[in-house]
Amino acid sequence: MPLPKAELHLHIEGTLEPELAFELAARNGVKLPYADTGELRAAYAFQDLQSFLNLYYELMAVLRTERDFEDLANAYLARAAAQGVRHAEIFFDPQAHTARGVDLGTVVEGLWRALGHSEQNHGVSTQLIMCFLRDESAESAMETLEAARPYLDRITGVGLDSAEVGHPPVKFREVYEAAAALGLRRVAHAGEEGPPEYITEALDVLGVERVDHGLRCMEDPALVERLVRERIPLTLCPLSNVRLRAVDTLEAHPLPAMLDAGLLCTVNSDDPAYFGGYAGDNFDAVRASLGLGEERLRELARNSFLASFLEHDEERRARYLAEVDAYAFS
Ligand code: HPA
Ligand SMILES: [Zn+2]
């Protein structure tokens, strides 16, 4: 039995495995510029975030109907459950679909067909976090928030993703103010490729409660001290960091130093179909490559539930934490 954990940094579009991409392409009459899954997999050699994003957006062309989004989410939930994920806070990128003529309603209704039954079908509780593409305009983000109004009962929070450098958090000040006024929780990618200042700005200007990645905080000791003092969770994604070359090797990942510094770190998969593994695979990888002992792994699992947006159901959080505490490593 795998260690119970929450997944807090997972882009549902990044769970599109090559086999499902080809299946959906055939179903929808979409022609992919790859002969087969082998040729597609060979394209997964990324130099940086942008080279990944190009393929990530290209493959989304196969996602067209509610059923496509339902199938995508069910495939993820089954894999996540098998790796010990008990709770998942799932990102989606509305603008990447509406820009292709797929309605926000199709996306949310389709995802919800899977998420609404996830507890019964997969034993995984779920939440949805709607991300704005930071390389699109602030106006487009605001329009997306407006368009999401009919679905807000199914959306827990907002996030910020896509190409980071040159698109600082401050660009989205008004959108985040509007999201807060609607009662939405706030997170943002910051410090993946962007500088530590983007992390500070995400906290001070956007009012985020969690920082996605946050890796580059380690360049600023005063920021680290603040993140520790304020107990700001970081959603780290070790295999993603290696594939997108944010770190040279897994062995060089700063996770142990971050834990030693007292940061509230969590381990997540980001875009598992592209980066070589789901949540449990990321745990296994840091265990093998970083020499983390059982108590560090247990701490990471505890952190994932402590950092999750389960305030409406503290009983559930306590149950998950008790499962982690009782877990016997084999
Ligand atoms: O790792 C990521 N970073 C930024 N944007 C993204 N969109 C999907 N994955 C990512
Ligand atoms: Zn991400």
# chains A, B, ... in the order shown; residues from 1 in each chain; ligands from 1
>>> residues_around(residues="Ala114 of chain A", least_positions_apart="4", cutoff="8 Å", atoms="only C-alpha atoms", output="PDB file with N, CA and C atoms, in the first residue's frame")
ATOM      1  N   GLU A  70     -14.111  14.172 -19.268  1.00  0.00           N
ATOM      2  CA  GLU A  70     -14.472  13.140 -18.284  1.00  0.00           C
ATOM      3  C   GLU A  70     -13.468  11.973 -18.348  1.00  0.00           C
ATOM      4  N   ASP A  71     -13.179  11.505 -19.539  1.00  0.00           N
ATOM      5  CA  ASP A  71     -12.246  10.378 -19.698  1.00  0.00           C
ATOM      6  C   ASP A  71     -10.848  10.751 -19.205  1.00  0.00           C
ATOM      7  N   ALA A  73     -10.067  13.002 -16.905  1.00  0.00           N
ATOM      8  CA  ALA A  73     -10.043  13.087 -15.443  1.00  0.00           C
ATOM      9  C   ALA A  73     -10.137  11.693 -14.809  1.00  0.00           C
ATOM     10  N   ASN A  74     -10.969  10.822 -15.368  1.00  0.00           N
ATOM     11  CA  ASN A  74     -11.073   9.472 -14.796  1.00  0.00           C
ATOM     12  C   ASN A  74      -9.757   8.708 -14.915  1.00  0.00           C
ATOM     13  N   GLY A 110     -17.616  18.481 -18.102  1.00  0.00           N
ATOM     14  CA  GLY A 110     -16.930  17.223 -18.413  1.00  0.00           C
ATOM     15  C   GLY A 110     -16.057  16.771 -17.258  1.00  0.00           C
ATOM     16  N   SER A 118     -15.799  10.885  -7.972  1.00  0.00           N
ATOM     17  CA  SER A 118     -14.445  10.405  -7.707  1.00  0.00           C
ATOM     18  C   SER A 118     -14.326   9.672  -6.368  1.00  0.00           C
TER      19      SER A 118
END
>>> residues_near_ligand(ligand="ligand 2", cutoff="12 Å", atoms="only C-alpha atoms and all ligand atoms", output="PDB file with N, CA and C atoms, in the first residue's frame")
ATOM      1  N   GLU A   7      -2.493  15.504  -3.580  1.00  0.00           N
ATOM      2  CA  GLU A   7      -1.807  16.115  -4.726  1.00  0.00           C
ATOM      3  C   GLU A   7      -2.352  17.533  -4.884  1.00  0.00           C
ATOM      4  N   LEU A   8      -1.439  18.507  -4.805  1.00  0.00           N
ATOM      5  CA  LEU A   8      -1.858  19.914  -4.798  1.00  0.00           C
ATOM      6  C   LEU A   8      -1.352  20.692  -6.014  1.00  0.00           C
ATOM      7  N   HIS A   9      -0.576  20.034  -6.854  1.00  0.00           N
ATOM      8  CA  HIS A   9      -0.049  20.720  -8.038  1.00  0.00           C
ATOM      9  C   HIS A   9      -0.110  19.751  -9.209  1.00  0.00           C
ATOM     10  N   LEU A  10      -1.238  19.812  -9.907  1.00  0.00           N
ATOM     11  CA  LEU A  10      -1.516  18.838 -10.961  1.00  0.00           C
ATOM     12  C   LEU A  10      -2.365  19.529 -12.017  1.00  0.00           C
ATOM     13  N   HIS A  11      -1.815  19.647 -13.217  1.00  0.00           N
ATOM     14  CA  HIS A  11      -2.581  20.225 -14.333  1.00  0.00           C
ATOM     15  C   HIS A  11      -3.285  19.079 -15.034  1.00  0.00           C
ATOM     16  N   ILE A  12      -4.605  19.095 -15.066  1.00  0.00           N
ATOM     17  CA  ILE A  12      -5.324  17.949 -15.632  1.00  0.00           C
ATOM     18  C   ILE A  12      -4.946  17.754 -17.105  1.00  0.00           C
ATOM     19  N   GLU A  13      -4.683  18.842 -17.807  1.00  0.00           N
ATOM     20  CA  GLU A  13      -4.292  18.693 -19.220  1.00  0.00           C
ATOM     21  C   GLU A  13      -2.921  18.028 -19.337  1.00  0.00           C
ATOM     22  N   GLY A  14      -2.138  18.089 -18.278  1.00  0.00           N
ATOM     23  CA  GLY A  14      -0.812  17.475 -18.263  1.00  0.00           C
ATOM     24  C   GLY A  14      -0.841  16.008 -17.889  1.00  0.00           C
ATOM     25  N   THR A  15      -2.065  15.453 -17.787  1.00  0.00           N
ATOM     26  CA  THR A  15      -2.195  14.016 -17.528  1.00  0.00           C
ATOM     27  C   THR A  15      -2.587  13.263 -18.799  1.00  0.00           C
ATOM     28  N   LEU A  49      10.709  25.457 -19.788  1.00  0.00           N
ATOM     29  CA  LEU A  49       9.253  25.491 -19.635  1.00  0.00           C
ATOM     30  C   LEU A  49       8.562  25.727 -20.976  1.00  0.00           C
ATOM     31  N   PHE A  52       8.205  22.767 -23.351  1.00  0.00           N
ATOM     32  CA  PHE A  52       7.143  21.873 -22.883  1.00  0.00           C
ATOM     33  C   PHE A  52       5.764  22.450 -23.212  1.00  0.00           C
ATOM     34  N   LEU A  53       5.585  23.729 -22.904  1.00  0.00           N
ATOM     35  CA  LEU A  53       4.258  24.343 -23.091  1.00  0.00           C
ATOM     36  C   LEU A  53       3.807  24.248 -24.550  1.00  0.00           C
ATOM     37  N   TYR A  56       2.388  20.848 -24.906  1.00  0.00           N
ATOM     38  CA  TYR A  56       1.224  20.757 -23.994  1.00  0.00           C
ATOM     39  C   TYR A  56      -0.006  21.408 -24.638  1.00  0.00           C
ATOM     40  N   ILE A  90      -7.072  20.036  -8.307  1.00  0.00           N
ATOM     41  CA  ILE A  90      -6.729  19.868  -9.713  1.00  0.00           C
ATOM     42  C   ILE A  90      -6.816  21.181 -10.485  1.00  0.00           C
ATOM     43  N   PHE A  91      -5.708  21.557 -11.133  1.00  0.00           N
ATOM     44  CA  PHE A  91      -5.698  22.750 -11.988  1.00  0.00           C
ATOM     45  C   PHE A  91      -6.314  22.439 -13.347  1.00  0.00           C
ATOM     46  N   PHE A  92      -6.983  23.434 -13.915  1.00  0.00           N
ATOM     47  CA  PHE A  92      -7.303  23.368 -15.342  1.00  0.00           C
ATOM     48  C   PHE A  92      -7.110  24.741 -15.952  1.00  0.00           C
ATOM     49  N   ASP A  93      -6.931  24.779 -17.272  1.00  0.00           N
ATOM     50  CA  ASP A  93      -6.564  25.998 -18.012  1.00  0.00           C
ATOM     51  C   ASP A  93      -7.688  26.400 -18.968  1.00  0.00           C
ATOM     52  N   ILE A 129      -9.190  23.953  -9.299  1.00  0.00           N
ATOM     53  CA  ILE A 129      -8.581  25.285  -9.261  1.00  0.00           C
ATOM     54  C   ILE A 129      -8.405  25.767 -10.708  1.00  0.00           C
ATOM     55  N   CYS A 131      -6.951  28.022 -13.496  1.00  0.00           N
ATOM     56  CA  CYS A 131      -5.734  28.822 -13.691  1.00  0.00           C
ATOM     57  C   CYS A 131      -5.881  29.820 -14.836  1.00  0.00           C
ATOM     58  N   PHE A 132      -5.279  30.981 -14.654  1.00  0.00           N
ATOM     59  CA  PHE A 132      -5.172  31.969 -15.726  1.00  0.00           C
ATOM     60  C   PHE A 132      -3.814  31.797 -16.396  1.00  0.00           C
ATOM     61  N   LEU A 133      -3.808  31.952 -17.727  1.00  0.00           N
ATOM     62  CA  LEU A 133      -2.548  31.872 -18.471  1.00  0.00           C
ATOM     63  C   LEU A 133      -1.866  33.240 -18.381  1.00  0.00           C
ATOM     64  N   GLY A 159      -5.602  30.010  -9.892  1.00  0.00           N
ATOM     65  CA  GLY A 159      -4.152  29.905  -9.949  1.00  0.00           C
ATOM     66  C   GLY A 159      -3.631  30.645 -11.172  1.00  0.00           C
ATOM     67  N   LEU A 160      -2.308  30.637 -11.319  1.00  0.00           N
ATOM     68  CA  LEU A 160      -1.652  31.365 -12.408  1.00  0.00           C
ATOM     69  C   LEU A 160      -0.549  30.461 -12.952  1.00  0.00           C
ATOM     70  N   ASP A 161      -0.609  30.180 -14.266  1.00  0.00           N
ATOM     71  CA  ASP A 161       0.420  29.292 -14.824  1.00  0.00           C
ATOM     72  C   ASP A 161       0.829  29.752 -16.218  1.00  0.00           C
ATOM     73  N   SER A 162       1.518  28.886 -16.946  1.00  0.00           N
ATOM     74  CA  SER A 162       2.108  29.154 -18.263  1.00  0.00           C
ATOM     75  C   SER A 162       3.402  29.970 -18.122  1.00  0.00           C
ATOM     76  N   ALA A 163       3.873  30.542 -19.240  1.00  0.00           N
ATOM     77  CA  ALA A 163       5.224  31.123 -19.291  1.00  0.00           C
ATOM     78  C   ALA A 163       5.420  32.211 -18.228  1.00  0.00           C
ATOM     79  N   GLU A 164       6.369  31.995 -17.321  1.00  0.00           N
ATOM     80  CA  GLU A 164       6.472  32.846 -16.138  1.00  0.00           C
ATOM     81  C   GLU A 164       7.287  34.122 -16.358  1.00  0.00           C
ATOM     82  N   VAL A 187      -3.868  30.747  -5.353  1.00  0.00           N
ATOM     83  CA  VAL A 187      -2.512  30.208  -5.454  1.00  0.00           C
ATOM     84  C   VAL A 187      -1.909  30.777  -6.736  1.00  0.00           C
ATOM     85  N   ALA A 188      -0.605  30.617  -6.923  1.00  0.00           N
ATOM     86  CA  ALA A 188       0.029  31.043  -8.176  1.00  0.00           C
ATOM     87  C   ALA A 188       1.355  30.317  -8.336  1.00  0.00           C
ATOM     88  N   HIS A 189       1.691  29.977  -9.577  1.00  0.00           N
ATOM     89  CA  HIS A 189       3.042  29.511  -9.870  1.00  0.00           C
ATOM     90  C   HIS A 189       3.972  30.712  -9.700  1.00  0.00           C
ATOM     91  N   ALA A 190       5.071  30.512  -8.992  1.00  0.00           N
ATOM     92  CA  ALA A 190       6.059  31.588  -8.846  1.00  0.00           C
ATOM     93  C   ALA A 190       7.391  30.976  -8.447  1.00  0.00           C
ATOM     94  N   GLY A 191       8.464  31.481  -9.054  1.00  0.00           N
ATOM     95  CA  GLY A 191       9.785  30.991  -8.698  1.00  0.00           C
ATOM     96  C   GLY A 191      10.091  29.624  -9.276  1.00  0.00           C
ATOM     97  N   GLU A 192       9.460  29.283 -10.406  1.00  0.00           N
ATOM     98  CA  GLU A 192       9.838  28.070 -11.139  1.00  0.00           C
ATOM     99  C   GLU A 192      11.002  28.466 -12.056  1.00  0.00           C
ATOM    100  N   GLU A 193      10.729  29.340 -13.018  1.00  0.00           N
ATOM    101  CA  GLU A 193      11.802  29.942 -13.814  1.00  0.00           C
ATOM    102  C   GLU A 193      11.992  31.408 -13.441  1.00  0.00           C
ATOM    103  N   VAL A 211       2.258  28.688  -2.668  1.00  0.00           N
ATOM    104  CA  VAL A 211       3.064  29.030  -3.838  1.00  0.00           C
ATOM    105  C   VAL A 211       3.350  27.753  -4.611  1.00  0.00           C
ATOM    106  N   ASP A 212       3.029  27.746  -5.905  1.00  0.00           N
ATOM    107  CA  ASP A 212       3.295  26.587  -6.750  1.00  0.00           C
ATOM    108  C   ASP A 212       4.723  26.663  -7.283  1.00  0.00           C
ATOM    109  N   HIS A 213       5.475  25.614  -7.048  1.00  0.00           N
ATOM    110  CA  HIS A 213       6.928  25.531  -7.241  1.00  0.00           C
ATOM    111  C   HIS A 213       7.633  26.310  -6.123  1.00  0.00           C
ATOM    112  N   GLY A 214       7.906  27.601  -6.331  1.00  0.00           N
ATOM    113  CA  GLY A 214       8.595  28.370  -5.292  1.00  0.00           C
ATOM    114  C   GLY A 214      10.048  28.006  -5.124  1.00  0.00           C
ATOM    115  N   LEU A 215      10.546  27.200  -6.071  1.00  0.00           N
ATOM    116  CA  LEU A 215      11.896  26.647  -5.974  1.00  0.00           C
ATOM    117  C   LEU A 215      12.978  27.716  -5.749  1.00  0.00           C
ATOM    118  N   LEU A 234       4.718  25.272  -0.130  1.00  0.00           N
ATOM    119  CA  LEU A 234       5.265  25.261  -1.488  1.00  0.00           C
ATOM    120  C   LEU A 234       4.890  23.917  -2.119  1.00  0.00           C
ATOM    121  N   THR A 235       4.362  23.969  -3.343  1.00  0.00           N
ATOM    122  CA  THR A 235       4.021  22.715  -4.037  1.00  0.00           C
ATOM    123  C   THR A 235       5.135  22.390  -5.024  1.00  0.00           C
ATOM    124  N   LEU A 236       6.100  21.617  -4.551  1.00  0.00           N
ATOM    125  CA  LEU A 236       7.258  21.263  -5.389  1.00  0.00           C
ATOM    126  C   LEU A 236       6.923  20.090  -6.307  1.00  0.00           C
ATOM    127  N   CYS A 237       7.623  20.057  -7.446  1.00  0.00           N
ATOM    128  CA  CYS A 237       7.395  19.003  -8.447  1.00  0.00           C
ATOM    129  C   CYS A 237       8.754  18.539  -8.948  1.00  0.00           C
ATOM    130  N   PRO A 238       9.377  17.596  -8.225  1.00  0.00           N
ATOM    131  CA  PRO A 238      10.780  17.233  -8.509  1.00  0.00           C
ATOM    132  C   PRO A 238      11.025  16.706  -9.921  1.00  0.00           C
ATOM    133  N   LEU A 239      10.194  15.769 -10.403  1.00  0.00           N
ATOM    134  CA  LEU A 239      10.449  15.224 -11.742  1.00  0.00           C
ATOM    135  C   LEU A 239      10.246  16.291 -12.814  1.00  0.00           C
ATOM    136  N   SER A 240       9.280  17.166 -12.607  1.00  0.00           N
ATOM    137  CA  SER A 240       9.077  18.301 -13.522  1.00  0.00           C
ATOM    138  C   SER A 240      10.323  19.178 -13.560  1.00  0.00           C
ATOM    139  N   ASN A 241      10.880  19.465 -12.382  1.00  0.00           N
ATOM    140  CA  ASN A 241      12.064  20.335 -12.310  1.00  0.00           C
ATOM    141  C   ASN A 241      13.238  19.766 -13.096  1.00  0.00           C
ATOM    142  N   LEU A 244      12.264  19.958 -17.015  1.00  0.00           N
ATOM    143  CA  LEU A 244      12.257  21.330 -17.552  1.00  0.00           C
ATOM    144  C   LEU A 244      13.544  22.071 -17.208  1.00  0.00           C
ATOM    145  N   VAL A 267       5.219  17.439  -2.229  1.00  0.00           N
ATOM    146  CA  VAL A 267       5.749  16.821  -3.456  1.00  0.00           C
ATOM    147  C   VAL A 267       4.579  16.439  -4.364  1.00  0.00           C
ATOM    148  N   ASN A 268       4.664  16.875  -5.612  1.00  0.00           N
ATOM    149  CA  ASN A 268       3.546  16.757  -6.549  1.00  0.00           C
ATOM    150  C   ASN A 268       4.062  16.409  -7.937  1.00  0.00           C
ATOM    151  N   SER A 269       3.117  16.188  -8.883  1.00  0.00           N
ATOM    152  CA  SER A 269       3.564  15.681 -10.186  1.00  0.00           C
ATOM    153  C   SER A 269       3.487  16.687 -11.334  1.00  0.00           C
ATOM    154  N   ASP A 270       2.750  17.785 -11.194  1.00  0.00           N
ATOM    155  CA  ASP A 270       2.700  18.852 -12.203  1.00  0.00           C
ATOM    156  C   ASP A 270       1.999  18.378 -13.485  1.00  0.00           C
ATOM    157  N   ASP A 271       2.744  17.751 -14.394  1.00  0.00           N
ATOM    158  CA  ASP A 271       2.198  17.256 -15.665  1.00  0.00           C
ATOM    159  C   ASP A 271       2.713  15.833 -15.867  1.00  0.00           C
ATOM    160  N   PRO A 272       2.147  14.876 -15.132  1.00  0.00           N
ATOM    161  CA  PRO A 272       2.761  13.549 -15.037  1.00  0.00           C
ATOM    162  C   PRO A 272       2.914  12.809 -16.359  1.00  0.00           C
ATOM    163  N   TYR A 274       3.870  13.967 -19.055  1.00  0.00           N
ATOM    164  CA  TYR A 274       5.008  14.533 -19.778  1.00  0.00           C
ATOM    165  C   TYR A 274       6.329  14.419 -19.024  1.00  0.00           C
ATOM    166  N   PHE A 275       6.247  14.312 -17.687  1.00  0.00           N
ATOM    167  CA  PHE A 275       7.473  14.449 -16.891  1.00  0.00           C
ATOM    168  C   PHE A 275       7.938  13.142 -16.249  1.00  0.00           C
TER     169      PHE A 275
END
>>> select_by_dssp(residues="segment 34-182 of chain A", states="alpha helix (DSSP H)", output="ChimeraX atom specification")
/A:37-42,49-59,66-82,94-98,104-115,118-122,138-147,173-181
>>> write_last_selection(atoms="C-alpha atoms", output="compact mmCIF listing (two decimals), in the first residue's frame")
# COMPACT_ATOMS: atom_id res chain seq x y z
CA THR A 37 2.74 7.13 -29.58
CA GLY A 38 6.43 6.30 -29.93
CA GLU A 39 7.06 9.28 -32.15
CA LEU A 40 5.06 11.48 -29.80
CA ARG A 41 7.01 10.27 -26.75
CA ALA A 42 10.23 11.05 -28.60
CA LEU A 49 9.25 25.49 -19.64
CA GLN A 50 8.36 27.03 -23.02
CA SER A 51 9.44 24.00 -25.05
CA PHE A 52 7.14 21.87 -22.88
CA LEU A 53 4.26 24.34 -23.09
CA ASN A 54 4.38 24.28 -26.90
CA LEU A 55 3.64 20.55 -26.94
CA TYR A 56 1.22 20.76 -23.99
CA TYR A 57 -0.96 23.27 -25.86
CA GLU A 58 -0.60 21.47 -29.19
CA LEU A 59 -1.90 18.15 -27.84
CA GLU A 66 -17.52 16.74 -22.21
CA ARG A 67 -16.79 13.05 -22.57
CA ASP A 68 -13.16 13.79 -23.49
CA PHE A 69 -12.65 15.79 -20.29
CA GLU A 70 -14.47 13.14 -18.28
CA ASP A 71 -12.25 10.38 -19.70
CA LEU A 72 -9.12 12.47 -19.08
CA ALA A 73 -10.04 13.09 -15.44
CA ASN A 74 -11.07 9.47 -14.80
CA ALA A 75 -7.78 8.20 -16.21
CA TYR A 76 -5.88 10.56 -13.91
CA LEU A 77 -7.94 9.70 -10.83
CA ALA A 78 -7.44 5.96 -11.35
CA ARG A 79 -3.67 6.39 -11.65
CA ALA A 80 -3.51 8.79 -8.70
CA ALA A 81 -5.55 6.47 -6.48
CA ALA A 82 -3.22 3.57 -7.30
CA PRO A 94 -9.87 27.42 -19.35
CA GLN A 95 -8.25 29.83 -21.81
CA ALA A 96 -6.36 27.01 -23.53
CA HIS A 97 -9.76 25.55 -24.45
CA THR A 98 -11.93 28.60 -25.05
CA LEU A 104 -15.88 26.71 -20.49
CA GLY A 105 -19.11 24.82 -19.73
CA THR A 106 -17.92 21.81 -21.74
CA VAL A 107 -14.68 21.74 -19.76
CA VAL A 108 -16.19 22.16 -16.30
CA GLU A 109 -19.19 19.87 -16.89
CA GLY A 110 -16.93 17.22 -18.41
CA LEU A 111 -14.40 17.32 -15.58
CA TRP A 112 -17.23 17.32 -13.06
CA ARG A 113 -18.73 14.15 -14.53
CA ALA A 114 -15.56 12.43 -13.24
CA LEU A 115 -14.84 14.55 -10.15
CA SER A 118 -14.45 10.40 -7.71
CA GLU A 119 -14.96 9.51 -4.07
CA GLN A 120 -17.22 6.55 -4.92
CA ASN A 121 -15.28 5.44 -8.02
CA HIS A 122 -11.68 6.12 -7.00
CA ALA A 138 -5.10 40.55 -17.62
CA GLU A 139 -8.31 41.44 -19.51
CA SER A 140 -8.57 37.89 -20.83
CA ALA A 141 -8.08 36.56 -17.29
CA MET A 142 -10.86 38.86 -16.02
CA GLU A 143 -13.17 37.69 -18.83
CA THR A 144 -12.41 34.10 -17.84
CA LEU A 145 -13.30 34.81 -14.22
CA GLU A 146 -16.57 36.42 -15.35
CA ALA A 147 -17.38 33.46 -17.61
CA ARG A 173 -3.65 42.24 -9.27
CA GLU A 174 -7.22 43.20 -10.20
CA VAL A 175 -8.20 39.67 -11.25
CA TYR A 176 -7.02 38.26 -7.93
CA GLU A 177 -8.85 41.02 -6.03
CA ALA A 178 -12.02 40.09 -7.91
CA ALA A 179 -11.44 36.38 -7.24
CA ALA A 180 -10.97 37.06 -3.51
CA ALA A 181 -14.20 39.08 -3.47
>>> atom_distance(atom1="atom CA of Leu263 of chain A", atom2="atom CA of Leu227 of chain A")
6.7 Å
